[in-house]
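Enquirer: The following block contains the structure, expressed as structure tokens.
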Amino acid sequence: QKSGKEISAKFRIRLHLATRSGEAACRSPQWDNMVLKASYPGRQDYEIRIGAYSSDAEKSFDGNCLTLEFTPQITDEWQEAAALFDFAADEQAIPSESSDFSRYCAGLFLDNWKKRRERYASLAEFHGLDDKQTFLYHNTLYLIYSCFSPSYGYPIGFPFYFPWCWRCSTFWDSTFLMDGIMRLGDSESSKKFLQFLYQSMNREGKPFSWMFAYDGRSTVDDDRDIAPLVMCAHAMTAIRHYEYFQDLETLRSCGYPILERVAQYAAEELFSRDEQGRWYLSIPVSNDVVEEQAREINQTFTLVWFLTIFRKCVEYGRLFGKEHPLLEEITGNFRIEQDETEYFHSQGIRAGEHNCASWIVFLLFPTEGMPFLDLEKLNRTRKKYSWEELYMDLQGCYQPWTEMMQGCSDLRRGDAEEGYRMFQLGLSHTFGPGYFSEIGPMQETVGLPPYISAYGTFLNYLASLYVTTDIWDGRLGVFTSLPAELSSKAFQVEGLRCNKGLTLSAARLPGRLEVKLAGRRPGLQVECLLPSGLDLSDAELYINGYPHCFEVIDRRRKILRFQLDLDGTAEIVIQ
């Protein structure tokens, strides 16, 4: 409301000290009208204090809920008035004066409400999911687009017990979220986030700190900044933006500068030659910032990711007339720790001998290091060490993002059944119908949603369940990742983004598969899972109404493959 030259707005904040099922979440909370004290059990009891010091706020506490209500006053300035709206317009769109304040405010609200609706409508839509998965998908979009701005980074969340560690910073987990929303077609957010990364990138020394705030300032001490995979993560976001959208201008202005800066620093500062002249990751690294001392030489997960970054830097460099002989040399002669039976966690350490969680089981996601790995050996390694053994038992907690991450990696290995098992395990760790939270009972950690790592890997798995794609050859697998349990169900997806700038919509119906592709890609290979009720001997393939040949590549699962030169649009029917 407007009163004189001041505008007032009432805000109310409620903090519930109970679980979603209504059970008490703490012991004997106390309120002295200024500070709320609550104790929580873990391996040892600990206490939190929440202050409510604002003198103009009305405060009340009923034993389970602390309510703060206050009425801020702001002057009648258009720039300040815009702050009252959840989805304010760009500053340039705010007029310097207006004779009708109410009309302007109503128009501002409706205009931004319309923009928000249009953005949701532009994202990919999935049909065929169960009720929980459907709600979780839409709730994911709501939380991500309501809680974050890509221009200021994507913090992981807000854990209670480790505020000294995370500090609401952007770090490597952002790559999962960005990959997920890019698959949905949101190029605007990934472009803005890349611009944020470019502005935050250090021009000397380490390109990126493990964690940094919205203004690019590092929030972790340098002696604990021992996980260089964060550089890979941000470079990977640049790679995927170009692969999904073929946005050459953004690649030129900020994507390639990020990629080149990371690759050059890593090659010159982190890699050395061994006695046989092979390149390896020669500095001690950690998987995470919480370890106090880095010990792992040539850690396989990080090494393979750097190899991916190096090869893509060479590939994109040719677009701008640049050569990188050192990167070409490393990607042509490297050392991965292994023997004849399995890949090791790092130099001298097998995955089963590592004293903490090993990420060998995640090796194909998000690294996409397929060109550098022997898939048969990777499968043997995966079968020798289960996710539960290498992560759950050693980490002592469940964190849904790792389960989804493993599911995505398994789909890249071609194991749809194990991928789906991991997906279901991750879904079992949601709270209520649609919230992911970081939970580590042995570490006494708990995070509030939105936990971007879990939501991002959820989106990745969901997209890959319908259509598999990668950053290398642009091959598409349409419904080829469906497990046997879902093979007879009807599924449909609209507007999913694939590699090389392609957009795909597909419907899998009884006896019929319809696929619509838009983009340009000569020699595109497409693999499809035959629709239910149709035998291979009876299947017919049509592209834009004309018969087309195909080959059967998996008779047991009924998967066929064909090739086409895509130039614009193609309508594909299998019946």
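Residue numbering restarts at 1 for every chain of the structure tokens, chains are lettered A, B, ... in their displayed order, and ligands are numbered from 1 as they appear.
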Neighbouring residues of stretch 261-272 of chain A were defined as those with any atom within 8 Å, considering only C-alpha atoms; residues of the same chain fewer than 5 positions away were excluded. Please report them as a list in words.
Expert: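 Contacts, in chain order: Gly205, Lys206, Pro207, Met231, Cys232, Ala235, Trp279, Tyr280, Leu281, Ser282, Ile283, Phe306, Ile309, Phe310, Cys313, Leu326 and Leu327 of chain A.
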Enquirer: Per DSSP on the backbone, filter stretch 330-470 of chain A down to the residues in helix (DSSP H, G or I) and report them as a PyMOL selection string.
Expert: chain A and resi 330-332+351-353+360-362+370-372+375-384+387-395+400-413+416-427+441-443+452-466
Enquirer: Write the residues you've just listed into a file as a PDB file, in the first residue's frame, and include C-alpha atoms for each of them.
Expert:
ATOM      1  CA  ILE A 330      49.048 -35.236 -23.121  1.00  0.00           C
ATOM      2  CA  THR A 331      45.812 -36.629 -24.575  1.00  0.00           C
ATOM      3  CA  GLY A 332      47.862 -38.829 -26.915  1.00  0.00           C
ATOM      4  CA  ALA A 351      39.354 -48.672  -5.090  1.00  0.00           C
ATOM      5  CA  GLY A 352      38.692 -51.238  -2.371  1.00  0.00           C
ATOM      6  CA  GLU A 353      41.817 -50.190  -0.461  1.00  0.00           C
ATOM      7  CA  ILE A 360      35.706 -44.946  -9.594  1.00  0.00           C
ATOM      8  CA  VAL A 361      32.077 -46.060  -9.862  1.00  0.00           C
ATOM      9  CA  PHE A 362      31.118 -42.593 -11.176  1.00  0.00           C
ATOM     10  CA  MET A 370      34.688 -42.546 -22.746  1.00  0.00           C
ATOM     11  CA  PRO A 371      37.405 -42.042 -25.434  1.00  0.00           C
ATOM     12  CA  PHE A 372      40.123 -42.576 -22.820  1.00  0.00           C
ATOM     13  CA  LEU A 375      34.675 -50.012 -21.395  1.00  0.00           C
ATOM     14  CA  GLU A 376      35.124 -53.734 -20.729  1.00  0.00           C
ATOM     15  CA  LYS A 377      37.668 -53.047 -17.988  1.00  0.00           C
ATOM     16  CA  LEU A 378      35.429 -50.343 -16.548  1.00  0.00           C
ATOM     17  CA  ASN A 379      32.529 -52.813 -16.446  1.00  0.00           C
ATOM     18  CA  ARG A 380      34.725 -55.346 -14.649  1.00  0.00           C
ATOM     19  CA  THR A 381      35.740 -52.665 -12.139  1.00  0.00           C
ATOM     20  CA  ARG A 382      32.119 -51.678 -11.595  1.00  0.00           C
ATOM     21  CA  LYS A 383      31.057 -55.288 -11.037  1.00  0.00           C
ATOM     22  CA  LYS A 384      33.910 -55.899  -8.619  1.00  0.00           C
ATOM     23  CA  TRP A 387      28.326 -48.381  -5.139  1.00  0.00           C
ATOM     24  CA  GLU A 388      27.297 -49.483  -1.646  1.00  0.00           C
ATOM     25  CA  GLU A 389      30.810 -50.794  -0.899  1.00  0.00           C
ATOM     26  CA  LEU A 390      32.790 -47.925  -2.372  1.00  0.00           C
ATOM     27  CA  TYR A 391      30.583 -45.060  -1.325  1.00  0.00           C
ATOM     28  CA  MET A 392      27.762 -45.836   1.105  1.00  0.00           C
ATOM     29  CA  ASP A 393      29.760 -47.934   3.570  1.00  0.00           C
ATOM     30  CA  LEU A 394      32.854 -45.724   3.550  1.00  0.00           C
ATOM     31  CA  GLN A 395      31.059 -42.376   3.453  1.00  0.00           C
ATOM     32  CA  PRO A 400      20.966 -38.666  -3.240  1.00  0.00           C
ATOM     33  CA  TRP A 401      23.190 -36.926  -5.790  1.00  0.00           C
ATOM     34  CA  THR A 402      25.743 -39.746  -5.651  1.00  0.00           C
ATOM     35  CA  GLU A 403      23.077 -42.339  -6.357  1.00  0.00           C
ATOM     36  CA  MET A 404      21.721 -40.369  -9.320  1.00  0.00           C
ATOM     37  CA  MET A 405      25.286 -39.717 -10.488  1.00  0.00           C
ATOM     38  CA  GLN A 406      25.962 -43.442 -10.410  1.00  0.00           C
ATOM     39  CA  GLY A 407      22.730 -44.087 -12.296  1.00  0.00           C
ATOM     40  CA  CYS A 408      23.830 -41.722 -15.077  1.00  0.00           C
ATOM     41  CA  SER A 409      27.266 -43.369 -15.220  1.00  0.00           C
ATOM     42  CA  ASP A 410      25.643 -46.800 -15.481  1.00  0.00           C
ATOM     43  CA  LEU A 411      23.478 -45.662 -18.392  1.00  0.00           C
ATOM     44  CA  ARG A 412      26.628 -44.541 -20.209  1.00  0.00           C
ATOM     45  CA  ARG A 413      28.033 -48.059 -19.633  1.00  0.00           C
ATOM     46  CA  ALA A 416      19.979 -49.790 -17.918  1.00  0.00           C
ATOM     47  CA  GLU A 417      18.978 -52.150 -15.088  1.00  0.00           C
ATOM     48  CA  GLU A 418      21.683 -51.046 -12.656  1.00  0.00           C
ATOM     49  CA  GLY A 419      21.148 -47.424 -13.629  1.00  0.00           C
ATOM     50  CA  TYR A 420      17.464 -47.684 -12.796  1.00  0.00           C
ATOM     51  CA  ARG A 421      18.198 -49.408  -9.496  1.00  0.00           C
ATOM     52  CA  MET A 422      20.427 -46.494  -8.486  1.00  0.00           C
ATOM     53  CA  PHE A 423      17.781 -44.013  -9.626  1.00  0.00           C
ATOM     54  CA  GLN A 424      15.162 -45.679  -7.433  1.00  0.00           C
ATOM     55  CA  LEU A 425      17.583 -45.716  -4.511  1.00  0.00           C
ATOM     56  CA  GLY A 426      18.123 -41.987  -4.917  1.00  0.00           C
ATOM     57  CA  LEU A 427      14.383 -41.362  -5.063  1.00  0.00           C
ATOM     58  CA  PRO A 441      24.408 -38.925   9.904  1.00  0.00           C
ATOM     59  CA  MET A 442      27.978 -39.908  10.765  1.00  0.00           C
ATOM     60  CA  GLN A 443      29.204 -36.413   9.971  1.00  0.00           C
ATOM     61  CA  ILE A 452      21.357 -28.577  -6.185  1.00  0.00           C
ATOM     62  CA  SER A 453      23.613 -31.617  -6.597  1.00  0.00           C
ATOM     63  CA  ALA A 454      20.680 -33.997  -6.141  1.00  0.00           C
ATOM     64  CA  TYR A 455      18.203 -31.969  -8.170  1.00  0.00           C
ATOM     65  CA  GLY A 456      20.721 -31.574 -10.985  1.00  0.00           C
ATOM     66  CA  THR A 457      21.613 -35.271 -11.209  1.00  0.00           C
ATOM     67  CA  PHE A 458      17.897 -36.123 -10.976  1.00  0.00           C
ATOM     68  CA  LEU A 459      17.271 -33.983 -14.072  1.00  0.00           C
ATOM     69  CA  ASN A 460      20.245 -35.598 -15.814  1.00  0.00           C
ATOM     70  CA  TYR A 461      19.020 -39.119 -15.159  1.00  0.00           C
ATOM     71  CA  LEU A 462      15.473 -38.233 -16.180  1.00  0.00           C
ATOM     72  CA  ALA A 463      16.639 -36.805 -19.509  1.00  0.00           C
ATOM     73  CA  SER A 464      18.938 -39.792 -20.118  1.00  0.00           C
ATOM     74  CA  LEU A 465      16.143 -42.265 -19.323  1.00  0.00           C
ATOM     75  CA  TYR A 466      14.302 -40.908 -22.354  1.00  0.00           C
TER      76      TYR A 466
END
Enquirer: A:Gly153, A:Pro29, A:Gly180, A:Gly63: which is nearest A:Ser200, counting only C-alpha atoms?
Expert: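 The answer is A:Gly153, which sits nearest to A:Ser200.
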Enquirer: Report as a count of residues only all protein, DNA and RNA residues lying within 8 Å of stretch 475-488 of chain A, evaluated on only C-alpha atoms, omitting residues in the same chain fewer than 4 positions from it.
Expert: 25
Enquirer: Env of A:Cys549: 10 Å cut, atoms = only C-alpha atoms, seq-sep filter 6 positions within chain, self excluded. Answer as a ChimeraX atom specification.
Expert: /A:540-543,561-563
Enquirer: Using only C-alpha atoms, determine which residues lie at most 10 Å from A:Leu129, disregarding the query and same-chain residues fewer than 5 positions distant; provide the list as a PyMOL selection string.
Expert: chain A and resi 134-135+137+462+489-492
Enquirer: From the set A:Tyr244, A:Tyr451, A:Tyr546, A:Phe431, which residue has the shortest atom-to-atom contact distance to A:Lys132, counting only C-alpha atoms?
Expert: A:Phe431
Enquirer: Residues at most 12 Å from A:Ile239, counting only C-alpha atoms, excluding those fewer than 3 positions away in the same chain, as a PyMOL selection string?
Expert: chain A and resi 175+178-179+182+190-191+194+232-236+242-248+250-252+254-260+308-316+366-368+470-472+499-500
Enquirer: Separation of atom CA of A:Phe126 and atom CA of A:Glu494, in Å?
Expert: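 Between atom CA of A:Phe126 and atom CA of A:Glu494 the gap is 6.7 Å.
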Enquirer: Could you check how far atom CA of A:Thr67 sits from atom CA of A:Leu15, in Å to one decimal?
Expert: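 These atoms are spaced 6.5 Å apart.
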Enquirer: What does the distance between atom CA of A:Thr219 and atom CA of A:Pro155 come to in Å, to one decimal place?
Expert: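 Rounded to one decimal, the two atoms are 11.9 Å apart.
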Enquirer: Using only C-alpha atoms, which residue out of A:Asp173, A:Leu184, A:Leu68, A:Thr300 lies closest to A:Tyr343?
Expert: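 For A:Tyr343, the nearest of the candidates is A:Thr300.
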